[in-house]
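Data block for final19.txt (compact mmCIF, C-alpha atoms (C1' of nucleotides)):
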# COMPACT_ATOMS: atom_id res chain seq x y z
CA MET A 1 21.50 34.34 8.28
CA ALA A 2 18.75 35.08 10.76
CA ALA A 3 16.26 35.09 7.94
CA HIS A 4 15.34 31.45 8.37
CA ALA A 5 11.80 32.43 9.06
CA PHE A 6 9.32 29.73 8.28
CA PRO A 7 5.66 30.34 7.75
CA SER A 8 5.78 29.23 11.34
CA ALA A 9 2.84 27.11 12.23
CA THR A 10 3.37 25.49 15.59
CA ARG A 11 0.45 23.25 16.25
CA ALA A 12 0.77 20.21 18.43
CA SER A 13 1.54 16.80 17.01
CA ALA A 14 -0.74 16.02 14.13
CA VAL A 15 -0.49 12.27 14.23
CA GLN A 16 -2.40 11.66 17.42
CA ALA A 17 -5.08 14.21 16.70
CA SER A 18 -8.24 13.74 14.73
CA ARG A 19 -6.27 14.76 11.70
CA SER A 20 -4.80 11.31 11.41
CA ARG A 21 -6.17 8.41 9.44
CA GLY A 22 -5.42 4.76 8.94
CA LEU A 23 -2.89 3.28 6.58
CA LEU A 24 -3.72 3.16 2.88
CA PRO A 25 -2.90 -0.04 0.99
CA GLY A 26 -0.46 1.80 -1.25
CA GLU A 27 1.48 3.05 1.74
CA ILE A 28 2.14 -0.34 3.27
CA GLU A 29 4.79 -1.22 0.73
CA HIS A 30 6.63 2.00 1.51
CA ILE A 31 7.16 0.87 5.09
CA HIS A 32 10.02 -1.52 4.62
CA TRP A 33 10.28 -2.92 8.13
CA LEU A 34 6.73 -4.28 7.95
CA SER A 35 7.99 -7.05 5.70
CA LYS A 36 10.49 -8.04 8.38
CA LEU A 37 7.73 -8.73 10.88
CA GLU A 38 6.27 -12.11 11.54
CA PRO A 39 2.90 -12.24 9.73
CA GLU A 40 0.81 -12.51 12.88
CA LEU A 41 2.47 -9.42 14.35
CA ARG A 42 2.21 -7.42 11.18
CA GLU A 43 -1.55 -7.29 11.55
CA ARG A 44 -1.51 -5.27 14.75
CA ALA A 45 1.37 -3.13 13.55
CA THR A 46 -0.49 -2.00 10.47
CA ALA A 47 -3.70 -1.53 12.42
CA ASP A 48 -2.03 0.73 14.98
CA LEU A 49 -0.17 2.91 12.50
CA ARG A 50 -1.63 6.37 12.03
CA VAL A 51 -0.97 8.66 9.11
CA ALA A 52 -1.22 12.44 8.97
CA SER A 53 -0.32 15.30 6.69
CA VAL A 54 1.92 18.01 8.07
CA ALA A 55 2.33 21.48 6.64
CA PRO A 56 5.64 23.27 6.11
CA GLY A 57 7.00 24.64 9.36
CA GLU A 58 4.83 22.40 11.49
CA LEU A 59 6.50 20.64 14.41
CA LEU A 60 6.07 16.90 14.96
CA CYS A 61 8.35 16.58 17.95
CA ARG A 62 9.41 19.24 20.34
CA VAL A 63 12.36 19.11 22.66
CA GLY A 64 11.20 18.11 26.11
CA ARG A 65 7.91 16.53 25.12
CA GLN A 66 7.34 12.99 26.25
CA GLY A 67 8.00 10.52 23.46
CA THR A 68 4.69 9.03 22.42
CA PHE A 69 5.21 8.00 18.81
CA TRP A 70 7.72 6.39 16.55
CA PHE A 71 7.61 8.39 13.33
CA GLY A 72 8.24 7.56 9.72
CA VAL A 73 8.22 9.62 6.56
CA ILE A 74 5.89 8.26 3.90
CA ASP A 75 6.48 11.25 1.68
CA GLY A 76 8.02 14.67 2.06
CA LEU A 77 10.99 16.04 3.92
CA LEU A 78 11.60 16.80 7.59
CA LYS A 79 14.36 18.54 9.48
CA MET A 80 15.79 17.29 12.76
CA SER A 81 17.30 20.12 14.78
CA ASN A 82 17.91 21.42 18.27
CA ASP A 83 17.08 25.06 17.54
CA SER A 84 14.94 27.76 19.15
CA ALA A 85 14.35 27.25 22.87
CA SER A 86 17.85 26.35 23.95
CA MET A 87 20.73 28.73 24.46
CA ALA A 88 22.97 27.46 21.71
CA MET A 89 23.14 28.28 18.04
CA PRO A 90 20.57 26.47 15.92
CA ILE A 91 22.02 23.21 14.72
CA THR A 92 20.45 21.01 12.12
CA PHE A 93 21.28 17.41 12.89
CA THR A 94 19.94 15.93 9.71
CA GLY A 95 17.17 15.89 7.21
CA VAL A 96 14.73 13.00 7.25
CA SER A 97 13.54 11.85 3.88
CA ARG A 98 11.22 9.24 2.40
CA GLY A 99 11.38 5.92 4.18
CA GLY A 100 13.15 7.34 7.21
CA TRP A 101 12.02 6.40 10.74
CA PHE A 102 13.08 8.14 13.93
CA GLY A 103 12.40 8.48 17.64
CA GLU A 104 13.35 4.92 18.57
CA GLY A 105 16.12 6.07 20.88
CA THR A 106 13.71 8.25 22.79
CA LEU A 107 11.07 5.52 23.05
CA LEU A 108 13.56 2.85 24.11
CA LYS A 109 14.66 4.88 27.10
CA ASN A 110 11.18 6.17 27.77
CA GLU A 111 12.51 9.69 27.64
CA VAL A 112 11.53 13.04 26.23
CA TYR A 113 12.44 14.06 22.69
CA ARG A 114 15.85 15.65 22.50
CA TYR A 115 15.29 17.41 19.21
CA ASN A 116 12.68 19.18 17.18
CA ILE A 117 11.26 17.67 14.07
CA GLN A 118 9.89 20.19 11.65
CA ALA A 119 8.40 19.70 8.21
CA LEU A 120 10.23 21.49 5.42
CA ARG A 121 7.34 20.96 3.03
CA ASN A 122 3.95 19.31 2.92
CA SER A 123 4.67 15.81 4.11
CA VAL A 124 2.87 12.59 4.91
CA VAL A 125 4.03 11.09 8.18
CA ALA A 126 3.19 7.79 9.85
CA GLY A 127 3.24 7.29 13.58
CA MET A 128 3.27 4.19 15.72
CA PRO A 129 2.20 4.50 19.37
CA VAL A 130 4.86 3.81 21.95
CA ALA A 131 2.84 0.90 23.34
CA THR A 132 2.84 -0.88 20.00
CA PHE A 133 6.52 -0.13 19.56
CA HIS A 134 7.36 -1.92 22.79
CA TRP A 135 4.88 -4.67 22.08
CA LEU A 136 6.76 -5.42 18.86
CA LEU A 137 10.14 -5.22 20.58
CA ASP A 138 8.97 -7.85 23.05
CA ARG A 139 7.89 -10.26 20.34
CA SER A 140 9.61 -9.80 17.01
CA ILE A 141 13.18 -10.75 16.26
CA GLY A 142 12.92 -9.06 12.90
CA PHE A 143 11.76 -5.82 14.45
CA ASN A 144 14.57 -5.83 16.99
CA ARG A 145 17.05 -6.41 14.24
CA PHE A 146 15.65 -3.51 12.27
CA VAL A 147 15.70 -1.12 15.21
CA MET A 148 19.23 -2.11 16.14
CA ASN A 149 20.43 -1.58 12.62
CA GLN A 150 18.60 1.72 12.49
CA LEU A 151 20.31 2.95 15.67
CA ASN A 152 23.68 1.87 14.38
CA GLU A 153 23.30 3.62 11.04
CA ARG A 154 22.07 6.80 12.66
CA LEU A 155 24.99 6.82 15.04
CA GLY A 156 27.25 6.75 12.04
CA GLN A 157 25.31 9.58 10.50
CA PHE A 158 25.58 11.74 13.60
CA ILE A 159 29.32 11.26 13.69
CA ALA A 160 29.40 12.32 10.06
CA ALA A 161 27.25 15.31 10.94
CA ARG A 162 29.85 16.51 13.41
CA GLU A 163 32.43 16.40 10.67
CA ILE A 164 30.16 18.34 8.37
CA ASP A 165 29.90 21.04 11.01
CA ARG A 166 33.66 21.43 10.99
CA LEU A 167 33.80 21.81 7.25
CA THR A 168 34.13 25.40 6.25
CA HIS A 169 33.75 25.05 2.51
CA PRO A 170 30.08 25.41 1.56
CA ASP A 171 30.40 23.10 -1.43
CA GLU A 172 31.70 20.33 0.80
CA ARG A 173 28.98 20.87 3.36
CA VAL A 174 26.34 20.59 0.69
CA ALA A 175 27.99 17.47 -0.72
CA ARG A 176 28.10 15.69 2.64
CA SER A 177 24.59 16.68 3.59
CA LEU A 178 23.28 15.39 0.29
CA ALA A 179 25.18 12.16 0.73
CA ALA A 180 23.49 11.75 4.12
CA LEU A 181 20.06 12.20 2.55
CA PHE A 182 20.86 9.48 0.03
CA HIS A 183 21.67 6.99 2.78
CA PRO A 184 20.18 3.79 1.36
CA VAL A 185 19.50 2.16 4.73
CA LEU A 186 18.06 5.13 6.62
CA TYR A 187 16.09 6.47 3.67
CA PRO A 188 15.24 3.53 1.45
CA GLY A 189 12.39 5.44 -0.16
CA VAL A 190 14.57 8.04 -1.83
CA GLY A 191 15.64 6.04 -4.84
CA ASP A 192 18.00 7.58 -7.35
CA MET A 193 16.13 10.87 -7.58
CA LEU A 194 15.83 12.98 -4.44
CA ARG A 195 13.06 15.53 -4.49
CA ILE A 196 14.42 18.59 -2.74
CA THR A 197 14.42 22.23 -3.69
CA GLN A 198 17.47 24.41 -3.35
CA GLN A 199 15.60 26.47 -0.79
CA GLU A 200 14.93 23.38 1.34
CA LEU A 201 18.54 22.33 1.06
CA GLY A 202 19.49 25.80 2.23
CA TYR A 203 17.39 25.44 5.36
CA LEU A 204 18.94 22.05 5.97
CA VAL A 205 22.58 22.97 5.53
CA GLY A 206 22.29 26.48 6.88
CA LEU A 207 23.20 28.31 3.69
CA SER A 208 21.41 30.80 1.52
CA ARG A 209 19.58 29.51 -1.49
CA GLN A 210 21.96 31.41 -3.70
CA ARG A 211 24.98 29.73 -2.18
CA VAL A 212 23.32 26.34 -2.46
CA ASN A 213 22.64 27.04 -6.10
CA GLN A 214 26.30 27.87 -6.60
CA ALA A 215 27.39 24.74 -4.75
CA LEU A 216 25.11 22.53 -6.81
CA THR A 217 26.49 23.98 -10.02
CA THR A 218 30.01 23.21 -8.84
CA LEU A 219 29.09 19.70 -7.74
CA GLN A 220 27.44 19.01 -11.05
CA ALA A 221 30.48 20.26 -12.93
CA ALA A 222 32.54 17.87 -10.80
CA GLY A 223 30.25 15.09 -11.96
CA VAL A 224 29.08 13.94 -8.53
CA ILE A 225 25.44 15.03 -8.92
CA VAL A 226 22.97 15.76 -11.67
CA VAL A 227 20.77 18.76 -10.98
CA ALA A 228 17.17 18.71 -12.12
CA TYR A 229 14.17 20.92 -11.57
CA GLY A 230 12.93 20.32 -8.03
CA GLY A 231 15.50 17.69 -7.19
CA LEU A 232 18.70 15.93 -8.13
CA ARG A 233 20.35 12.60 -8.85
CA VAL A 234 23.46 10.99 -7.48
CA PRO A 235 25.14 8.63 -9.95
CA ASP A 236 27.91 7.70 -7.53
CA LEU A 237 27.23 8.07 -3.83
CA GLU A 238 30.81 7.33 -2.80
CA LYS A 239 32.21 10.06 -4.98
CA LEU A 240 29.74 12.54 -3.52
CA ARG A 241 30.57 11.45 0.00
CA HIS A 242 34.27 12.01 -0.51
CA TYR A 243 34.03 15.18 -2.54
CA THR A 244 36.66 17.79 -1.77
CA ALA A 245 36.67 21.28 -3.16
C1' DT B 1 -5.02 15.84 -25.80
C1' DC B 2 -3.95 20.54 -26.20
C1' DA B 3 -3.62 25.47 -25.02
C1' DT B 4 -3.73 28.81 -21.41
C1' DT B 5 -2.66 30.42 -16.92
C1' DA B 6 -1.01 30.27 -12.31
C1' DA B 7 2.39 28.71 -9.14
C1' DA B 8 6.81 26.97 -7.98
C1' DT B 9 11.61 26.78 -8.69
C1' DT B 10 15.82 28.17 -10.62
C1' DG B 11 19.55 31.28 -12.33
C1' DT B 12 21.59 35.62 -11.76
C1' DT B 13 22.68 40.22 -10.02
C1' DA C 1 16.71 40.77 -1.43
C1' DA C 2 15.02 41.38 -5.92
C1' DC C 3 14.10 40.11 -10.62
C1' DA C 4 13.75 37.50 -14.94
C1' DA C 5 13.68 32.99 -16.99
C1' DT C 6 12.30 28.35 -16.82
C1' DT C 7 9.57 24.26 -15.42
C1' DT C 8 5.70 22.19 -13.53
C1' DA C 9 0.82 21.78 -12.17
C1' DA C 10 -3.92 22.99 -12.79
C1' DT C 11 -7.70 24.17 -15.53
C1' DG C 12 -11.01 23.93 -19.05
C1' DA C 13 -12.19 23.43 -23.91
Let me see the file written as structure tokens.
Amino acid sequence: MAAHAFPSATRASAVQASRSRGLLPGEIEHIHWLSKLEPELRERATADLRVASVAPGELLCRVGRQGTFWFGVIDGLLKMSNDSASMAMPITFTGVSRGGWFGEGTLLKNEVYRYNIQALRNSVVAGMPVATFHWLLDRSIGFNRFVMNQLNERLGQFIAAREIDRLTHPDERVARSLAALFHPVLYPGVGDMLRITQQELGYLVGLSRQRVNQALTTLQAAGVIVVAYGGLRVPDLEKLRHYTA
DNA sequence: TCATTAAATTGTT
DNA sequence: AACAATTTAATGA
């Protein structure tokens, strides 16, 4: 179980560094909240957004660092956890998939990050500076509505995460974690096919790849998922969410 | 476009 | 943890 060794690169945040670039036209449509902004505000928002590639194992946020960016996943998969530094057992809060944005709670309170964000694979991540974040909060009704909704949905997800932790049956843990990744509001970019390897899912749920493979086979037999090479489909999210072994 | 090869991912022990 | 089988991605004719 201690073998969760990543090819551990631990460079500082990539988004602010010279490794970041501006937004590409094709990426704008993947940022759903932009369409909720008033047109005159959207201009600055898009101009201030930075995009960077992050390698597997790389950390975007570290516990205790001052919150400086609001992050969003353009493509790839991240893991939100509390692990390493602290005394407690490593706990994965959630995975963050395409279309997911996070860090708003930290920025709102002008606090330090309370979790680590680590890339599980090569990912493309967008970052909005804290100044722009507050600038939009002060001006845009649509943005406020989005952030509020985001906070609410994530609260629900964290409550669900606590329940997942209590589940002992691996198949059920995998089922619930997958259901969380298919959350249509938090991760609108996922679509019906989630790209995730069984190894990545193992890191996320805290199981071996072998056990994940076994769980996926069971879940497929139960008809709640369809396994494919390098990913899977969920025909009925509610059935997956309520799966019992 | 097709065939070949390397790399990634899965299935199984 | 190791290994074989399968699928995808990359390469060059």
Would you give me, as CSV, each residue of chain A having an atom within 12 Å of an atom of chain B, along with its shortest atom pair and that distance in Å to one decimal, using all atoms listed in the file and sorting by chain and residue number?
residue,atom,partner,partner_atom,distance
A:Ile196,CA,B:DT9,C1',10.5
A:Thr197,CA,B:DT9,C1',7.3
A:Gln198,CA,B:DT9,C1',8.3
A:Gln199,CA,B:DT9,C1',8.9
A:Glu200,CA,B:DT9,C1',11.1
A:Arg209,CA,B:DT10,C1',10.0
A:Gln210,CA,B:DG11,C1',9.0
A:Arg211,CA,B:DG11,C1',11.6
A:Val212,CA,B:DT10,C1',11.2
A:Asn213,CA,B:DG11,C1',8.1
A:Gln214,CA,B:DG11,C1',9.5
A:Leu216,CA,B:DT10,C1',11.5
A:Thr217,CA,B:DG11,C1',10.3
A:Val227,CA,B:DT10,C1',10.6
A:Ala228,CA,B:DT10,C1',9.7
A:Tyr229,CA,B:DT9,C1',7.0
A:Gly230,CA,B:DT9,C1',6.6
A:Gly231,CA,B:DT9,C1',10.0
Residues from last step as file, C-alpha atoms, as a compact mmCIF listing (two decimals), in the coordinates of the input:
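Written output follows (part30.txt):
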# COMPACT_ATOMS: atom_id res chain seq x y z
CA ILE A 196 14.42 18.59 -2.74
CA THR A 197 14.42 22.23 -3.69
CA GLN A 198 17.47 24.41 -3.35
CA GLN A 199 15.60 26.47 -0.79
CA GLU A 200 14.93 23.38 1.34
CA ARG A 209 19.58 29.51 -1.49
CA GLN A 210 21.96 31.41 -3.70
CA ARG A 211 24.98 29.73 -2.18
CA VAL A 212 23.32 26.34 -2.46
CA ASN A 213 22.64 27.04 -6.10
CA GLN A 214 26.30 27.87 -6.60
CA LEU A 216 25.11 22.53 -6.81
CA THR A 217 26.49 23.98 -10.02
CA VAL A 227 20.77 18.76 -10.98
CA ALA A 228 17.17 18.71 -12.12
CA TYR A 229 14.17 20.92 -11.57
CA GLY A 230 12.93 20.32 -8.03
CA GLY A 231 15.50 17.69 -7.19
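Atom CA of A:Leu219 sits 7.4 Å away from atom CA of A:Ala175.
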(message) So that I can check the surroundings of A:Asn82, please list as a list in words every protein, DNA and RNA residue that reaches within 6 Å of it, counting all atoms listed in the file and ignoring chain neighbours fewer than 3 positions away.
(response) Ile91, Tyr115 and Asn116 of chain A
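Compared by their closest atoms to chain C, and using all atoms listed in the file, the residues A:Leu186, A:Gly105, A:Ser208, A:Tyr203 rank with A:Ser208 nearest.
Between A:Ile31 and the candidates A:Arg173, A:Pro188, A:Ser97, A:Lys79, the tightest atom-to-atom separation, counting all atoms listed in the file, involves A:Pro188.
If you look at atom CA of A:Glu43 and atom CA of A:Ser140, they are 12.7 Å away from each other.
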(message) Which residues are close to stretch 134-136 of chain A, i.e. within 9 Å by all atoms listed in the file, leaving aside same-chain residues fewer than 2 positions away? Reply as a VMD selection string.
(response) chain A and resid 37 41 45 107 to 108 129 to 132 138 to 141 143 to 144
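Of note, atom CA of A:Asp236 and atom C1' of C:DT7 are spaced 25.9 Å apart.
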Can you work out which residues from chain C touch chain A at a cut-off of 12 Å (counting all atoms listed in the file) and hand them back as a PDB file with C-alpha atoms (C1' of nucleotides), in the coordinates of the input?
ATOM      1  C1'  DA C   1      16.710  40.770  -1.430  1.00  0.00           C
ATOM      2  C1'  DT C   6      12.300  28.350 -16.820  1.00  0.00           C
ATOM      3  C1'  DT C   7       9.570  24.260 -15.420  1.00  0.00           C
ATOM      4  C1'  DT C   8       5.700  22.190 -13.530  1.00  0.00           C
TER       5       DT C   8
END
